[in-house]
Amino acid sequence: MSMFSIFNVSASAITAQSQRLNVVASNLANADAVSGDSAKAYKARQVTFETVPMGSDGSVGVRVQAITENQIQGAKEHNPGHPAADEQGYITHSNVSPVEEMVNMISASRSYQNNVEVMNTAKTLLLKTLQIGQ
Amino acid sequence: MLANMTSGLDFHSKALVLRAERQRVIAGNIANADTPGYAARDFNFSQALADATGMASSNLGASKSASTPAHAKHIALSNTQGGSLDSQRLAYTVQTQPSLDGNSVDMDRERANFMDNAIRYESTLRFINGQAKTILSAIQGQ
C-alpha cells in the first residue's frame with residue numbers, strides 16, 4: 001500500500017521541522033546572552049535539511065543533516081561595569097538576529113502545518129478506501 | 001461473463017493505484033519544501049494510466065507516448081507494470097520562482113495538486129463503489 005508511506009514521509013518532515021523550531025527557540029532564548037570571552041559568546045545555530053529515501057517505492061522524506069553554528073562575531077561592547085567584562089572591559093553579545101529567527105520560526109511553523117494537513121488528507125483517503133463496497 | 005462485469009473495475013483500480021502513487025510523490029515534495037537543492041517531482045497521469053491499462057495513448061488524448069522515444073538515439077523509458085510506477089517515469093518540475101538554494105518546490109502548486117489529486121482519488125473510489133453496487137444488485141437479482 002503505497003499510501004501508507006505518506007505517513008512516514010510527512011512524519012519525517014514534521015520531526016525535521018520541529019527540530020528546526022527547537023533550534024529557533026534556543027537561539028531566541030539566548031539572544032541577549034553576553035560573555036566576557038568572545039570565543040564563548042553564544043553563536044546562533046541553524047539546521048540543514050537533507051532528502052532521505054524511504055522504503056523501496058521511491059518515496060523521499062527529509063531529515064536534519066547537520067546543525068551548524070553561525071561563525072559571525074557577535075557585537076563587542078565596552079562596558080567595564082559589567083560583571084562578565086574581560087580585562088579590557090569588553091563584553092561580547094551573541095550573534096543571534098531576532099528578526100531572522102522570527103522569519104525562520106514562521107517558515108518552520110507553516111511547513112509543519114502543511115505536513116499535518118497532508119497526513120490528515122492521506123488518513124481520510126485511506127479510511128474511505130477501507131469502505132469500498134459498503 | 002464475470003470478466004465483462006469486472007473489466008470496468010479493473011480500469012478504476014489501476015487509476016486508483018496511480019492516484020495513490022501521485023499522492024505519495026506530492027507528499028514527498030511538500031515534505032522537502034525546505035530542503036536545499038531538492039527538485040520537485042511529478043508524473044504525467046494520463047500517460048501513466050494509458051500505459052498501465054495498455055491503451056493506445058491516442059485514446060486518452062495524449063499526443064505522444066513517453067515510451068516511444070522522439071529520436072532514434074533516445075533511450076526509451078520503461079513502461080509501467082500493473083499500475084505501479086518506477087522512478088524513471090517521474091519527471092522534475094521546473095522552478096516557477098528562482099530560489100537561492102536551488103529548491104524547486106512551489107508550495108502553492110504542490111498544495112493545489114495535492115487537493116486536486118485527493119478529490120480525484122475520492123471520485124475514483126466512488127466510481128468503484130457504484131460499480132460494485134451495480135454488480136452486487138445484478139448478482140442478487142432483487
# chains A, B, ... in the order shown; residues from 1 in each chain; ligands from 1

$ interface_residues --of "chain A" --to "chain B" --cutoff "10 Å" --atoms "only C-alpha atoms" --output "mmCIF file with C-alpha atoms, in the first residue's frame"
data_model
loop_
_atom_site.group_PDB
_atom_site.id
_atom_site.type_symbol
_atom_site.label_atom_id
_atom_site.label_comp_id
_atom_site.auth_asym_id
_atom_site.auth_seq_id
_atom_site.Cartn_x
_atom_site.Cartn_y
_atom_site.Cartn_z
ATOM 1 C CA MET A 1 0.000 0.000 0.000
ATOM 2 C CA SER A 2 1.880 2.985 -1.246
ATOM 3 C CA MET A 3 -0.374 5.484 0.528
ATOM 4 C CA PHE A 4 0.904 4.310 3.903
ATOM 5 C CA SER A 5 4.363 5.655 3.178
ATOM 6 C CA ILE A 6 2.850 9.155 3.087
ATOM 7 C CA PHE A 7 2.694 8.902 6.875
ATOM 8 C CA ASN A 8 6.401 8.089 7.082
ATOM 9 C CA VAL A 9 7.298 10.909 4.696
ATOM 10 C CA SER A 10 5.171 13.507 6.485
ATOM 11 C CA ALA A 11 6.309 12.292 9.896
ATOM 12 C CA SER A 12 9.942 12.743 8.883
ATOM 13 C CA ALA A 13 9.149 16.277 7.727
ATOM 14 C CA ILE A 14 7.290 17.061 10.944
ATOM 15 C CA ALA A 16 12.675 17.851 10.999
ATOM 16 C CA GLN A 17 10.562 20.999 11.208
ATOM 17 C CA THR A 48 20.405 21.982 7.322
ATOM 18 C CA PHE A 49 17.837 19.673 5.747
ATOM 19 C CA GLU A 50 18.639 16.722 3.562
ATOM 20 C CA THR A 51 16.474 14.480 1.385
ATOM 21 C CA VAL A 52 16.448 10.872 2.542
ATOM 22 C CA PRO A 53 14.962 7.922 0.592
ATOM 23 C CA MET A 54 12.283 5.994 2.498
ATOM 24 C CA ASP A 57 8.974 2.540 -3.507
ATOM 25 C CA GLY A 58 10.915 5.720 -4.202
ATOM 26 C CA SER A 59 9.295 7.978 -1.613
ATOM 27 C CA VAL A 60 11.531 10.667 -0.224
ATOM 28 C CA GLY A 61 11.466 12.039 3.279
ATOM 29 C CA VAL A 62 13.582 14.693 4.908
ATOM 30 C CA ARG A 63 15.918 14.772 7.873
ATOM 31 C CA VAL A 64 18.189 17.212 9.634
ATOM 32 C CA SER A 107 8.537 29.323 7.925
ATOM 33 C CA ALA A 108 9.003 26.248 10.130
ATOM 34 C CA SER A 111 5.783 23.845 6.828
ATOM 35 C CA TYR A 112 4.752 21.884 9.903
ATOM 36 C CA ASN A 114 1.328 21.808 5.656
ATOM 37 C CA ASN A 115 2.645 18.378 6.539
ATOM 38 C CA GLU A 117 -2.617 18.622 6.564
ATOM 39 C CA VAL A 118 -1.037 16.159 4.150
ATOM 40 C CA MET A 119 -1.248 13.469 6.830
ATOM 41 C CA THR A 121 -5.818 14.083 3.877
ATOM 42 C CA ALA A 122 -3.999 10.769 3.495
ATOM 43 C CA THR A 124 -9.216 10.484 5.152
ATOM 44 C CA LEU A 125 -8.467 8.882 1.799
ATOM 45 C CA LEU A 126 -7.302 5.624 3.382
ATOM 46 C CA LYS A 128 -12.597 5.965 2.557
ATOM 47 C CA THR A 129 -10.677 3.247 0.733
ATOM 48 C CA GLN A 131 -15.172 1.487 2.994
ATOM 49 C CA ILE A 132 -15.176 0.278 -0.614
ATOM 50 C CA GLY A 133 -18.225 -1.882 -1.280
ATOM 51 C CA GLN A 134 -20.153 -0.911 1.840
#

$ closest_residue --among "A:Gln71, A:Ser109, A:Asn120, A:Asp37" --to "Gln88 in chain A" --atoms "only C-alpha atoms"
A:Asp37

$ closest_residue --among "B:Ser7, B:Ser13, B:Gln95, B:Gln142" --to "Thr124 in chain B" --atoms "only C-alpha atoms"
B:Ser13

$ atom_distance --atom1 "CA of Pro98 in chain B" --atom2 "CA of Gln46 in chain A"
22.4 Å

$ atom_distance --atom1 "CA of Thr53 in chain B" --atom2 "CA of Phe11 in chain B"
6.6 Å

$ closest_residue --among "A:Ile106, A:Leu127, A:Val99, A:Ala44" --to "Asn27 in chain A" --atoms "only C-alpha atoms"
A:Ala44

$ residues_around --residues "range 84-86 of chain A" --least-positions-apart "4" --cutoff "8 Å" --atoms "only C-alpha atoms" --output "short mmCIF file (atom, residue, chain, number, x, y, z; two decimals) with C-alpha atoms, in the first residue's frame"
data_model
loop_
_atom_site.label_atom_id
_atom_site.label_comp_id
_atom_site.auth_asym_id
_atom_site.auth_seq_id
_atom_site.Cartn_x
_atom_site.Cartn_y
_atom_site.Cartn_z
CA VAL A 34 26.65 38.08 26.81
CA SER A 35 30.10 36.73 27.56
CA GLY A 36 33.45 38.20 28.52
CA ASP A 37 35.30 35.69 26.36
CA ASN A 79 31.18 48.06 29.42
CA PRO A 80 33.73 47.82 32.26
CA TYR A 90 34.68 44.39 26.82
CA ILE A 91 31.67 42.07 26.66
#

$ atom_distance --atom1 "CA of Val103 in chain A" --atom2 "CA of Leu21 in chain A"
11.1 Å

$ residues_around --residues "Ala31 in chain A" --least-positions-apart "4" --cutoff "10 Å" --atoms "only C-alpha atoms" --output "count of residues only"
13

$ closest_residue --among "B:Met55, B:Met5, B:Ala48, B:Val105" --to "Arg89 in chain B" --atoms "only C-alpha atoms"
B:Ala48

$ select_by_dssp --residues "chain A" --states "strand (DSSP E)" --output "PyMOL selection string"
chain A and resi 34-35+45-54+59-69+76-78+90-93

$ decode --residues "range 62-102 of chain A" --atoms "N, CA and C atoms" --output "PDB file, in the first residue's frame"
ATOM      1  N   VAL A  62      12.596  13.646   4.648  1.00  0.00           N
ATOM      2  CA  VAL A  62      13.582  14.693   4.908  1.00  0.00           C
ATOM      3  C   VAL A  62      14.124  14.471   6.315  1.00  0.00           C
ATOM      4  N   ARG A  63      15.370  14.861   6.523  1.00  0.00           N
ATOM      5  CA  ARG A  63      15.918  14.772   7.873  1.00  0.00           C
ATOM      6  C   ARG A  63      16.906  15.913   8.069  1.00  0.00           C
ATOM      7  N   VAL A  64      17.212  16.168   9.334  1.00  0.00           N
ATOM      8  CA  VAL A  64      18.189  17.212   9.634  1.00  0.00           C
ATOM      9  C   VAL A  64      19.571  16.615   9.459  1.00  0.00           C
ATOM     10  N   GLN A  65      20.309  17.162   8.501  1.00  0.00           N
ATOM     11  CA  GLN A  65      21.621  16.605   8.189  1.00  0.00           C
ATOM     12  C   GLN A  65      22.657  17.122   9.182  1.00  0.00           C
ATOM     13  N   ALA A  66      22.574  18.406   9.521  1.00  0.00           N
ATOM     14  CA  ALA A  66      23.572  18.970  10.425  1.00  0.00           C
ATOM     15  C   ALA A  66      23.008  20.214  11.089  1.00  0.00           C
ATOM     16  N   ILE A  67      23.515  20.486  12.286  1.00  0.00           N
ATOM     17  CA  ILE A  67      23.209  21.759  12.942  1.00  0.00           C
ATOM     18  C   ILE A  67      24.510  22.535  12.999  1.00  0.00           C
ATOM     19  N   THR A  68      24.552  23.665  12.303  1.00  0.00           N
ATOM     20  CA  THR A  68      25.799  24.417  12.208  1.00  0.00           C
ATOM     21  C   THR A  68      25.677  25.710  13.005  1.00  0.00           C
ATOM     22  N   GLU A  69      26.821  26.187  13.470  1.00  0.00           N
ATOM     23  CA  GLU A  69      26.847  27.448  14.204  1.00  0.00           C
ATOM     24  C   GLU A  69      27.254  28.565  13.271  1.00  0.00           C
ATOM     25  N   ASN A  70      26.541  29.661  13.368  1.00  0.00           N
ATOM     26  CA  ASN A  70      26.876  30.845  12.596  1.00  0.00           C
ATOM     27  C   ASN A  70      28.161  31.446  13.177  1.00  0.00           C
ATOM     28  N   GLN A  71      29.228  31.533  12.346  1.00  0.00           N
ATOM     29  CA  GLN A  71      30.544  31.917  12.891  1.00  0.00           C
ATOM     30  C   GLN A  71      30.790  33.417  12.902  1.00  0.00           C
ATOM     31  N   ILE A  72      29.801  34.206  12.519  1.00  0.00           N
ATOM     32  CA  ILE A  72      29.983  35.663  12.554  1.00  0.00           C
ATOM     33  C   ILE A  72      30.216  36.107  14.000  1.00  0.00           C
ATOM     34  N   GLN A  73      31.181  37.025  14.178  1.00  0.00           N
ATOM     35  CA  GLN A  73      31.488  37.517  15.520  1.00  0.00           C
ATOM     36  C   GLN A  73      30.342  38.372  16.045  1.00  0.00           C
ATOM     37  N   GLY A  74      29.940  38.120  17.292  1.00  0.00           N
ATOM     38  CA  GLY A  74      28.911  38.957  17.893  1.00  0.00           C
ATOM     39  C   GLY A  74      29.447  40.351  18.209  1.00  0.00           C
ATOM     40  N   ALA A  75      28.532  41.290  18.394  1.00  0.00           N
ATOM     41  CA  ALA A  75      28.943  42.677  18.635  1.00  0.00           C
ATOM     42  C   ALA A  75      29.691  42.789  19.965  1.00  0.00           C
ATOM     43  N   LYS A  76      30.783  43.570  19.958  1.00  0.00           N
ATOM     44  CA  LYS A  76      31.560  43.814  21.183  1.00  0.00           C
ATOM     45  C   LYS A  76      31.140  45.148  21.770  1.00  0.00           C
ATOM     46  N   GLU A  77      31.078  45.192  23.076  1.00  0.00           N
ATOM     47  CA  GLU A  77      30.650  46.430  23.720  1.00  0.00           C
ATOM     48  C   GLU A  77      31.612  46.742  24.855  1.00  0.00           C
ATOM     49  N   HIS A  78      31.985  48.009  24.956  1.00  0.00           N
ATOM     50  CA  HIS A  78      32.866  48.419  26.054  1.00  0.00           C
ATOM     51  C   HIS A  78      32.006  48.751  27.262  1.00  0.00           C
ATOM     52  N   ASN A  79      32.036  47.886  28.250  1.00  0.00           N
ATOM     53  CA  ASN A  79      31.179  48.059  29.421  1.00  0.00           C
ATOM     54  C   ASN A  79      31.924  47.532  30.652  1.00  0.00           C
ATOM     55  N   PRO A  80      32.868  48.324  31.168  1.00  0.00           N
ATOM     56  CA  PRO A  80      33.734  47.819  32.258  1.00  0.00           C
ATOM     57  C   PRO A  80      32.951  47.482  33.518  1.00  0.00           C
ATOM     58  N   GLY A  81      31.763  48.072  33.673  1.00  0.00           N
ATOM     59  CA  GLY A  81      30.984  47.805  34.879  1.00  0.00           C
ATOM     60  C   GLY A  81      30.276  46.473  34.861  1.00  0.00           C
ATOM     61  N   HIS A  82      30.247  45.837  33.697  1.00  0.00           N
ATOM     62  CA  HIS A  82      29.506  44.575  33.576  1.00  0.00           C
ATOM     63  C   HIS A  82      30.240  43.463  34.322  1.00  0.00           C
ATOM     64  N   PRO A  83      29.525  42.644  35.087  1.00  0.00           N
ATOM     65  CA  PRO A  83      30.223  41.580  35.843  1.00  0.00           C
ATOM     66  C   PRO A  83      30.961  40.592  34.949  1.00  0.00           C
ATOM     67  N   ALA A  84      30.543  40.433  33.721  1.00  0.00           N
ATOM     68  CA  ALA A  84      31.191  39.446  32.846  1.00  0.00           C
ATOM     69  C   ALA A  84      32.287  40.061  31.987  1.00  0.00           C
ATOM     70  N   ALA A  85      32.575  41.341  32.159  1.00  0.00           N
ATOM     71  CA  ALA A  85      33.536  42.004  31.265  1.00  0.00           C
ATOM     72  C   ALA A  85      34.935  41.415  31.415  1.00  0.00           C
ATOM     73  N   ASP A  86      35.719  41.407  30.304  1.00  0.00           N
ATOM     74  CA  ASP A  86      37.090  40.888  30.365  1.00  0.00           C
ATOM     75  C   ASP A  86      38.026  41.991  30.879  1.00  0.00           C
ATOM     76  N   GLU A  87      39.382  41.719  30.830  1.00  0.00           N
ATOM     77  CA  GLU A  87      40.337  42.657  31.434  1.00  0.00           C
ATOM     78  C   GLU A  87      40.259  44.041  30.807  1.00  0.00           C
ATOM     79  N   GLN A  88      40.004  44.076  29.472  1.00  0.00           N
ATOM     80  CA  GLN A  88      39.917  45.378  28.813  1.00  0.00           C
ATOM     81  C   GLN A  88      38.551  46.040  28.990  1.00  0.00           C
ATOM     82  N   GLY A  89      37.654  45.354  29.667  1.00  0.00           N
ATOM     83  CA  GLY A  89      36.331  45.931  29.903  1.00  0.00           C
ATOM     84  C   GLY A  89      35.338  45.685  28.776  1.00  0.00           C
ATOM     85  N   TYR A  90      35.585  44.656  27.943  1.00  0.00           N
ATOM     86  CA  TYR A  90      34.678  44.387  26.817  1.00  0.00           C
ATOM     87  C   TYR A  90      33.764  43.190  27.127  1.00  0.00           C
ATOM     88  N   ILE A  91      32.547  43.245  26.650  1.00  0.00           N
ATOM     89  CA  ILE A  91      31.671  42.067  26.664  1.00  0.00           C
ATOM     90  C   ILE A  91      31.266  41.773  25.223  1.00  0.00           C
ATOM     91  N   THR A  92      31.040  40.511  24.923  1.00  0.00           N
ATOM     92  CA  THR A  92      30.623  40.117  23.567  1.00  0.00           C
ATOM     93  C   THR A  92      29.179  39.635  23.607  1.00  0.00           C
ATOM     94  N   HIS A  93      28.364  40.221  22.728  1.00  0.00           N
ATOM     95  CA  HIS A  93      26.965  39.781  22.642  1.00  0.00           C
ATOM     96  C   HIS A  93      26.864  38.534  21.767  1.00  0.00           C
ATOM     97  N   SER A  94      25.735  37.847  21.847  1.00  0.00           N
ATOM     98  CA  SER A  94      25.509  36.714  20.939  1.00  0.00           C
ATOM     99  C   SER A  94      25.268  37.260  19.533  1.00  0.00           C
ATOM    100  N   ASN A  95      25.483  36.432  18.505  1.00  0.00           N
ATOM    101  CA  ASN A  95      25.283  36.923  17.143  1.00  0.00           C
ATOM    102  C   ASN A  95      23.889  36.570  16.617  1.00  0.00           C
ATOM    103  N   VAL A  96      22.930  36.344  17.518  1.00  0.00           N
ATOM    104  CA  VAL A  96      21.567  35.992  17.097  1.00  0.00           C
ATOM    105  C   VAL A  96      20.870  37.231  16.541  1.00  0.00           C
ATOM    106  N   SER A  97      20.243  37.072  15.366  1.00  0.00           N
ATOM    107  CA  SER A  97      19.439  38.152  14.814  1.00  0.00           C
ATOM    108  C   SER A  97      17.971  37.800  15.050  1.00  0.00           C
ATOM    109  N   PRO A  98      17.290  38.483  15.973  1.00  0.00           N
ATOM    110  CA  PRO A  98      15.913  38.098  16.307  1.00  0.00           C
ATOM    111  C   PRO A  98      14.970  38.140  15.099  1.00  0.00           C
ATOM    112  N   VAL A  99      15.189  39.076  14.184  1.00  0.00           N
ATOM    113  CA  VAL A  99      14.313  39.162  13.005  1.00  0.00           C
ATOM    114  C   VAL A  99      14.443  37.904  12.166  1.00  0.00           C
ATOM    115  N   GLU A 100      15.708  37.482  11.913  1.00  0.00           N
ATOM    116  CA  GLU A 100      15.937  36.270  11.144  1.00  0.00           C
ATOM    117  C   GLU A 100      15.293  35.061  11.816  1.00  0.00           C
ATOM    118  N   GLU A 101      15.419  35.014  13.142  1.00  0.00           N
ATOM    119  CA  GLU A 101      14.868  33.858  13.864  1.00  0.00           C
ATOM    120  C   GLU A 101      13.345  33.835  13.789  1.00  0.00           C
ATOM    121  N   MET A 102      12.729  35.007  13.850  1.00  0.00           N
ATOM    122  CA  MET A 102      11.268  35.052  13.759  1.00  0.00           C
ATOM    123  C   MET A 102      10.804  34.570  12.385  1.00  0.00           C
TER     124      MET A 102
END
